[in-house]
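Asks: Structure supplied as input.txt; contents: compact mmCIF, C-alpha atoms.
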```txt
# COMPACT_ATOMS: atom_id res chain seq x y z
CA MET X 61 -184.25 -69.71 190.61
CA ALA X 62 -183.08 -66.16 189.97
CA GLN X 63 -179.60 -67.07 191.19
CA SER X 64 -179.49 -70.07 188.81
CA LEU X 65 -180.52 -67.92 185.86
CA LYS X 66 -177.83 -65.41 186.83
CA ASN X 67 -175.20 -68.15 186.82
CA VAL X 68 -176.32 -69.30 183.39
CA VAL X 69 -176.05 -65.76 182.04
CA VAL X 70 -172.57 -65.35 183.54
CA VAL X 71 -171.29 -68.65 182.10
CA THR X 72 -172.79 -67.93 178.69
CA SER X 73 -171.23 -64.49 178.58
CA ALA X 74 -167.83 -65.82 179.64
CA THR X 75 -167.81 -68.44 176.87
CA SER X 76 -169.27 -66.28 174.14
CA PRO X 77 -167.02 -66.24 171.04
CA ALA X 78 -167.72 -62.57 170.60
CA GLN X 79 -166.05 -61.56 173.85
CA GLY X 80 -162.59 -62.10 175.22
CA LEU X 81 -161.19 -64.21 172.36
CA PRO X 82 -158.43 -62.99 170.04
CA PRO X 83 -159.38 -62.63 166.38
CA ARG X 84 -158.38 -65.51 164.12
CA LYS X 85 -155.46 -64.81 161.83
CA ALA X 86 -156.08 -64.78 158.12
CA GLY X 87 -155.14 -68.03 156.41
CA VAL X 88 -155.11 -70.06 159.63
CA VAL X 89 -157.17 -73.22 159.43
CA PRO X 90 -159.10 -74.08 162.58
CA ARG X 91 -158.20 -77.39 164.18
CA ALA X 92 -160.54 -80.17 163.22
CA SER X 93 -160.58 -83.88 163.87
CA THR X 94 -161.87 -86.76 161.78
CA ARG X 95 -162.30 -90.24 163.18
CA SER X 96 -161.07 -92.94 160.84
CA LEU X 97 -162.67 -96.34 160.40
CA LEU X 98 -160.09 -97.81 162.77
CA GLY X 99 -161.14 -95.43 165.52
CA SER X 100 -158.04 -93.24 165.69
CA THR X 101 -158.35 -89.47 165.86
CA ILE X 102 -156.60 -87.62 163.07
CA SER X 103 -156.30 -83.90 163.68
CA GLY X 104 -155.95 -81.20 161.07
CA TYR X 105 -153.08 -78.72 161.07
CA GLN X 106 -153.43 -75.35 162.76
CA GLY X 107 -150.72 -72.97 161.68
CA GLU X 108 -149.51 -70.63 158.97
CA SER X 109 -147.62 -72.93 156.58
CA LYS X 110 -148.07 -72.05 152.91
CA TRP X 111 -149.07 -75.66 152.19
CA TYR X 112 -152.23 -75.44 154.28
CA GLY X 113 -155.31 -73.25 154.45
CA PRO X 114 -157.37 -71.51 151.78
CA ASP X 115 -154.32 -69.84 150.17
CA ARG X 116 -152.36 -73.08 149.69
CA PRO X 117 -151.20 -74.16 146.21
CA LYS X 118 -154.02 -75.86 144.32
CA TRP X 119 -154.22 -78.25 141.41
CA LEU X 120 -155.23 -75.61 138.83
CA GLY X 121 -152.97 -72.90 140.17
CA PRO X 122 -154.43 -69.43 139.63
CA PHE X 123 -157.43 -70.94 137.84
CA SER X 124 -158.63 -72.94 140.85
CA ASP X 125 -161.40 -70.56 141.88
CA GLY X 126 -164.66 -72.47 141.92
CA ALA X 127 -162.89 -75.79 141.20
CA VAL X 128 -162.13 -76.74 144.81
CA PRO X 129 -164.84 -78.54 146.82
CA SER X 130 -165.84 -76.88 150.08
CA TYR X 131 -164.92 -79.96 152.12
CA LEU X 132 -161.27 -79.72 151.01
CA SER X 133 -160.29 -76.79 153.19
CA GLY X 134 -156.54 -77.39 153.27
CA GLU X 135 -156.29 -78.71 156.82
CA PHE X 136 -154.45 -81.90 155.83
CA ALA X 137 -151.09 -82.46 154.14
CA GLY X 138 -151.18 -82.87 150.38
CA ASP X 139 -154.60 -81.31 149.90
CA TYR X 140 -154.50 -79.54 146.53
CA GLY X 141 -158.26 -79.26 146.26
CA TRP X 142 -158.74 -81.94 143.61
CA ASP X 143 -161.62 -84.40 144.05
CA SER X 144 -163.56 -84.45 140.80
CA ALA X 145 -165.28 -87.74 141.73
CA GLY X 146 -166.36 -86.56 145.19
CA LEU X 147 -164.63 -89.48 146.91
CA SER X 148 -163.77 -87.41 149.98
CA ALA X 149 -167.13 -85.75 150.56
CA ASP X 150 -167.92 -88.06 153.48
CA PRO X 151 -165.59 -87.42 156.47
CA GLN X 152 -165.37 -91.12 157.40
CA THR X 153 -164.49 -92.10 153.84
CA PHE X 154 -162.01 -89.22 153.58
CA ALA X 155 -160.20 -90.39 156.73
CA ALA X 156 -160.06 -93.97 155.44
CA TYR X 157 -158.71 -92.89 152.04
CA ARG X 158 -156.08 -90.68 153.67
CA GLU X 159 -154.91 -93.57 155.78
CA CYS X 160 -154.74 -95.97 152.82
CA GLU X 161 -152.91 -93.43 150.67
CA LEU X 162 -150.27 -92.67 153.29
CA ILE X 163 -149.58 -96.33 154.11
CA HIS X 164 -149.32 -97.24 150.42
CA ALA X 165 -147.10 -94.20 149.82
CA ARG X 166 -144.68 -95.33 152.51
CA TRP X 167 -144.49 -98.84 151.07
CA ALA X 168 -143.98 -97.38 147.60
CA MET X 169 -141.03 -95.32 148.83
CA LEU X 170 -139.52 -98.44 150.38
CA GLY X 171 -140.15 -100.25 147.10
CA ALA X 172 -138.38 -97.52 145.15
CA LEU X 173 -135.38 -97.94 147.41
CA GLY X 174 -135.64 -101.69 146.87
CA CYS X 175 -135.40 -101.14 143.13
CA VAL X 176 -132.18 -99.18 143.51
CA GLY X 177 -130.62 -101.55 146.03
CA PRO X 178 -130.10 -104.57 143.72
CA GLU X 179 -128.56 -102.35 141.07
CA ILE X 180 -125.81 -101.07 143.35
CA THR X 181 -125.07 -104.30 145.23
CA GLY X 182 -123.90 -107.72 144.16
CA ASP X 183 -123.32 -107.80 140.43
CA GLY X 184 -124.47 -104.24 139.95
CA MET X 185 -126.25 -103.42 136.71
CA ALA X 186 -125.47 -106.79 135.11
CA PRO X 187 -126.65 -109.43 134.69
CA ASN X 188 -129.66 -109.04 137.03
CA PRO X 189 -131.48 -105.69 137.00
CA TRP X 190 -133.95 -104.99 139.78
CA PHE X 191 -136.99 -106.37 137.95
CA LYS X 192 -135.30 -109.79 137.64
CA GLN X 193 -133.96 -110.07 141.18
CA GLY X 194 -137.03 -111.80 142.55
CA ALA X 195 -136.72 -114.64 140.04
CA LEU X 196 -133.36 -115.62 141.54
CA ILE X 197 -135.16 -117.32 144.42
CA PHE X 198 -136.20 -120.05 141.96
CA ALA X 199 -132.64 -120.56 140.76
CA ASP X 200 -130.53 -123.45 142.02
CA GLY X 201 -128.43 -121.25 144.31
CA GLY X 202 -131.36 -119.26 145.68
CA LEU X 203 -131.27 -115.56 146.45
CA ASP X 204 -128.68 -113.85 148.64
CA TYR X 205 -129.81 -110.53 150.09
CA LEU X 206 -127.32 -107.76 149.35
CA GLY X 207 -125.29 -110.36 147.47
CA ASN X 208 -124.08 -111.91 150.73
CA SER X 209 -125.13 -115.45 151.66
CA ASN X 210 -124.17 -114.79 155.28
CA LEU X 211 -126.95 -112.22 155.67
CA VAL X 212 -130.17 -113.76 154.32
CA HIS X 213 -130.13 -116.73 151.97
CA ALA X 214 -133.61 -117.28 150.53
CA GLN X 215 -134.49 -120.44 148.66
CA SER X 216 -138.15 -121.06 149.57
CA ILE X 217 -140.86 -118.72 148.29
CA MET X 218 -143.35 -120.20 150.79
CA ALA X 219 -141.05 -119.44 153.72
CA ILE X 220 -140.67 -115.84 152.54
CA LEU X 221 -144.43 -115.48 152.07
CA GLY X 222 -145.08 -116.84 155.56
CA CYS X 223 -142.53 -114.49 157.15
CA GLN X 224 -143.95 -111.49 155.30
CA VAL X 225 -147.54 -112.27 156.32
CA VAL X 226 -146.61 -112.70 159.98
CA LEU X 227 -144.22 -109.75 160.26
CA MET X 228 -146.33 -107.31 158.24
CA GLY X 229 -149.49 -108.44 160.03
CA LEU X 230 -147.91 -107.79 163.42
CA ALA X 231 -146.59 -104.40 162.32
CA GLU X 232 -149.99 -103.36 160.96
CA ALA X 233 -151.81 -104.56 164.09
CA TYR X 234 -149.31 -102.65 166.21
CA ARG X 235 -149.81 -99.50 164.15
CA SER X 236 -153.60 -99.71 164.29
CA ASN X 237 -154.14 -100.81 167.87
CA GLY X 238 -151.12 -99.50 169.76
CA GLY X 239 -148.51 -101.48 171.66
CA PRO X 240 -145.74 -101.28 174.24
CA ALA X 241 -144.28 -98.16 172.60
CA GLY X 242 -147.36 -96.17 173.59
CA GLU X 243 -151.13 -96.23 173.75
CA GLY X 244 -153.54 -93.75 172.22
CA LEU X 245 -151.06 -92.57 169.59
CA ASP X 246 -152.00 -91.25 166.17
CA SER X 247 -152.01 -94.35 163.97
CA LEU X 248 -150.61 -92.42 161.01
CA HIS X 249 -148.00 -90.24 162.76
CA PRO X 250 -147.46 -91.87 166.17
CA GLY X 251 -144.41 -89.85 167.26
CA GLY X 252 -142.95 -90.72 170.66
CA TYR X 253 -140.65 -93.72 170.34
CA PHE X 254 -141.22 -93.64 166.58
CA ASP X 255 -139.54 -90.22 166.39
CA PRO X 256 -136.25 -90.68 168.31
CA LEU X 257 -134.67 -87.68 166.55
CA GLY X 258 -137.46 -85.35 167.62
CA LEU X 259 -138.18 -84.22 164.05
CA ALA X 260 -141.83 -83.60 164.91
CA ASP X 261 -141.26 -81.61 168.10
CA ASP X 262 -141.97 -78.33 166.30
CA PRO X 263 -145.56 -78.29 164.91
CA ASP X 264 -144.69 -76.19 161.86
CA THR X 265 -141.71 -78.38 160.96
CA PHE X 266 -143.87 -81.46 161.47
CA ALA X 267 -146.51 -80.05 159.14
CA GLU X 268 -143.89 -79.42 156.42
CA LEU X 269 -142.51 -82.96 156.81
CA LYS X 270 -146.00 -84.40 156.35
CA VAL X 271 -146.30 -82.55 153.03
CA LYS X 272 -142.88 -83.76 151.87
CA GLU X 273 -143.72 -87.31 152.85
CA ILE X 274 -147.00 -87.51 150.95
CA LYS X 275 -145.59 -85.73 147.88
CA ASN X 276 -142.63 -88.11 147.65
CA GLY X 277 -144.92 -91.05 148.36
CA ARG X 278 -147.27 -90.11 145.55
CA LEU X 279 -144.33 -89.83 143.19
CA ALA X 280 -143.11 -93.28 144.29
CA MET X 281 -146.54 -94.79 143.70
```
For the file at hand, write its structure as structure tokens.
Replies:
Amino acid sequence: MAQSLKNVVVVTSATSPAQGLPPRKAGVVPRASTRSLLGSTISGYQGESKWYGPDRPKWLGPFSDGAVPSYLSGEFAGDYGWDSAGLSADPQTFAAYRECELIHARWAMLGALGCVGPEITGDGMAPNPWFKQGALIFADGGLDYLGNSNLVHAQSIMAILGCQVVLMGLAEAYRSNGGPAGEGLDSLHPGGYFDPLGLADDPDTFAELKVKEIKNGRLAM
């Protein structure tokens, strides 16, 4: 019995946060994880980037003292401390909203590129600006992607709808549940085969890219 108590004391002393651990640097956010509704683990950033932590830029600038909720600690990209409606107070809801925002932001950036594409291909600025391109599918000649009938010639809106539902559904299921490119990956930033250029190999660079992505995505939305 005495030996068991001695072992407990030794283990407790060895794992005590007050002994043997280096002090935490100022401005460094501890790593945290939030489990989204889809079951994937989304980890917060641990580093010294100016876009994270308590000293990050906030939505009211120098007047943000007292205006930032305690649950917005700056551990995720794009956190400027603004949540006047309290939508992110619950961790599960916060994770779900972050996921929805990032996915919609990525589609919005693709959509912005899709607006520019019709203007610089085919007939250019005239006579079909980007907001009229979709109507061409109902014309007699149909719609030629990139102005070239040899690429994709679309003449049936039902066929396009069916292809989009199937392809987007498969892509979303792959993103959420994993697939042959890797199991157990982060559903928002999978990396691995999805990062062939190795842009996310450095954690600090990866953290900066996350901020750039969500800022540009919000602008696109």
Asks: Under the rule that all atoms listed in the file are counted, which of X:Arg158, X:Ser247, X:Ala127, X:Trp190 is the nearest residue to Ala172 (chain X)?
Replies: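 Closest candidate: X:Trp190.
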Asks: Looking at X:Met281, X:Gln152, X:Asp143, X:Ser133, which one is nearest to Trp119 (chain X), with distances taken over only C-alpha atoms?
Replies: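 Going through X:Met281, X:Gln152, X:Asp143, X:Ser133 one by one, the smallest distance to Trp119 (chain X) is for X:Asp143.
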Asks: Would you mind reading off the distance between CA of Gly251 (chain X) and CA of Ala165 (chain X), one decimal, in Å?
Replies: 18.2 Å
Asks: Can you pull out every residue within 9 Å of region 209-224 of chain X, counting all atoms listed in the file, but drop anything in the same chain fewer than 5 positions away, and send it as a PyMOL selection string?
Replies: chain X and resi 196-204+229
Asks: Rounded to one decimal, what separation in Å do you get between CA of Ser109 (chain X) and CA of Ala145 (chain X)?
Replies: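 Going from CA of Ser109 (chain X) over to CA of Ala145 (chain X) covers 27.4 Å.
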Asks: Identify the residues within 10 Å of coordinate (-161.0, -74.0, 146.6) (same frame as the file), considering only C-alpha atoms, and give the answer as a list in words.
Replies: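 Final list of nearby residues, as requested, is Gly113, Pro114, Asp115, Arg116, Pro117, Lys118, Trp119, Leu120, Phe123, Ser124, Asp125, Gly126, Ala127, Val128, Pro129, Ser130, Tyr131, Leu132, Ser133, Gly134, Tyr140, Gly141 and Trp142 of chain X.
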Asks: Which is closer to Pro189 (chain X) than all the others in X:Val176, X:Leu230, X:Met169, X:Leu147, using all atoms listed in the file?
Replies: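 With all atoms listed in the file as the atom set, the closest residue is X:Val176.
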Asks: Using all atoms listed in the file - which residues lie no farther than 12 Å from the point (-153.0, -96.8, 154.3) in the file's frame? Write them as a list of chain:residue names.
Replies: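 Every residue inside that radius is included here: X:Ser96, X:Leu97, X:Leu98, X:Phe154, X:Ala155, X:Ala156, X:Tyr157, X:Arg158, X:Glu159, X:Cys160, X:Glu161, X:Leu162, X:Ile163, X:His164, X:Ala165, X:Arg166, X:Trp167, X:Ala168, X:Glu232, X:Arg235, X:Ser236, X:Ser247, X:Leu248, X:His249, X:Ile274, X:Gly277.
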Asks: Would you compute an axis-aligned box for region 218-232 of chain X, covering every atom listed for it in the file with 5 Å of margin on each side, and report centre and edge lengths in Å to one decimal as AutoDock Vina command-line options?
Replies:
```
--center_x -145.3 --center_y -111.8 --center_z 157.1 --size_x 19.3 --size_y 26.8 --size_z 22.6
```
Asks: CA of Glu135 (chain X) to CA of Thr153 (chain X): how many Å, to one decimal?
Replies: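 One can read the CA of Glu135 (chain X) to CA of Thr153 (chain X) distance as 16.0 Å.
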Asks: Go through X:Phe254, X:Ala280, X:Val271, X:Gly177 and flag the residue nearest Gly138 (chain X), using only C-alpha atoms for the distances.
Replies: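 That would be X:Val271, the residue with the smallest distance to Gly138 (chain X).
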Asks: Near Glu268 (chain X), counting all atoms listed in the file, which residues have an atom at most 12 Å away, once you skip same-chain residues fewer than 3 positions from it, shown as a PDB file with C-alpha atoms, in the coordinates of the input?
Replies:
```
ATOM      1  CA  TYR X 105    -153.080 -78.720 161.070  1.00  0.00           C
ATOM      2  CA  GLY X 107    -150.720 -72.970 161.680  1.00  0.00           C
ATOM      3  CA  GLU X 108    -149.510 -70.630 158.970  1.00  0.00           C
ATOM      4  CA  SER X 109    -147.620 -72.930 156.580  1.00  0.00           C
ATOM      5  CA  LYS X 110    -148.070 -72.050 152.910  1.00  0.00           C
ATOM      6  CA  TRP X 111    -149.070 -75.660 152.190  1.00  0.00           C
ATOM      7  CA  TYR X 112    -152.230 -75.440 154.280  1.00  0.00           C
ATOM      8  CA  PHE X 136    -154.450 -81.900 155.830  1.00  0.00           C
ATOM      9  CA  ALA X 137    -151.090 -82.460 154.140  1.00  0.00           C
ATOM     10  CA  GLY X 138    -151.180 -82.870 150.380  1.00  0.00           C
ATOM     11  CA  LEU X 259    -138.180 -84.220 164.050  1.00  0.00           C
ATOM     12  CA  ALA X 260    -141.830 -83.600 164.910  1.00  0.00           C
ATOM     13  CA  ASP X 262    -141.970 -78.330 166.300  1.00  0.00           C
ATOM     14  CA  PRO X 263    -145.560 -78.290 164.910  1.00  0.00           C
ATOM     15  CA  ASP X 264    -144.690 -76.190 161.860  1.00  0.00           C
ATOM     16  CA  THR X 265    -141.710 -78.380 160.960  1.00  0.00           C
ATOM     17  CA  VAL X 271    -146.300 -82.550 153.030  1.00  0.00           C
ATOM     18  CA  LYS X 272    -142.880 -83.760 151.870  1.00  0.00           C
ATOM     19  CA  GLU X 273    -143.720 -87.310 152.850  1.00  0.00           C
ATOM     20  CA  ILE X 274    -147.000 -87.510 150.950  1.00  0.00           C
ATOM     21  CA  LYS X 275    -145.590 -85.730 147.880  1.00  0.00           C
TER      22      LYS X 275
END
```
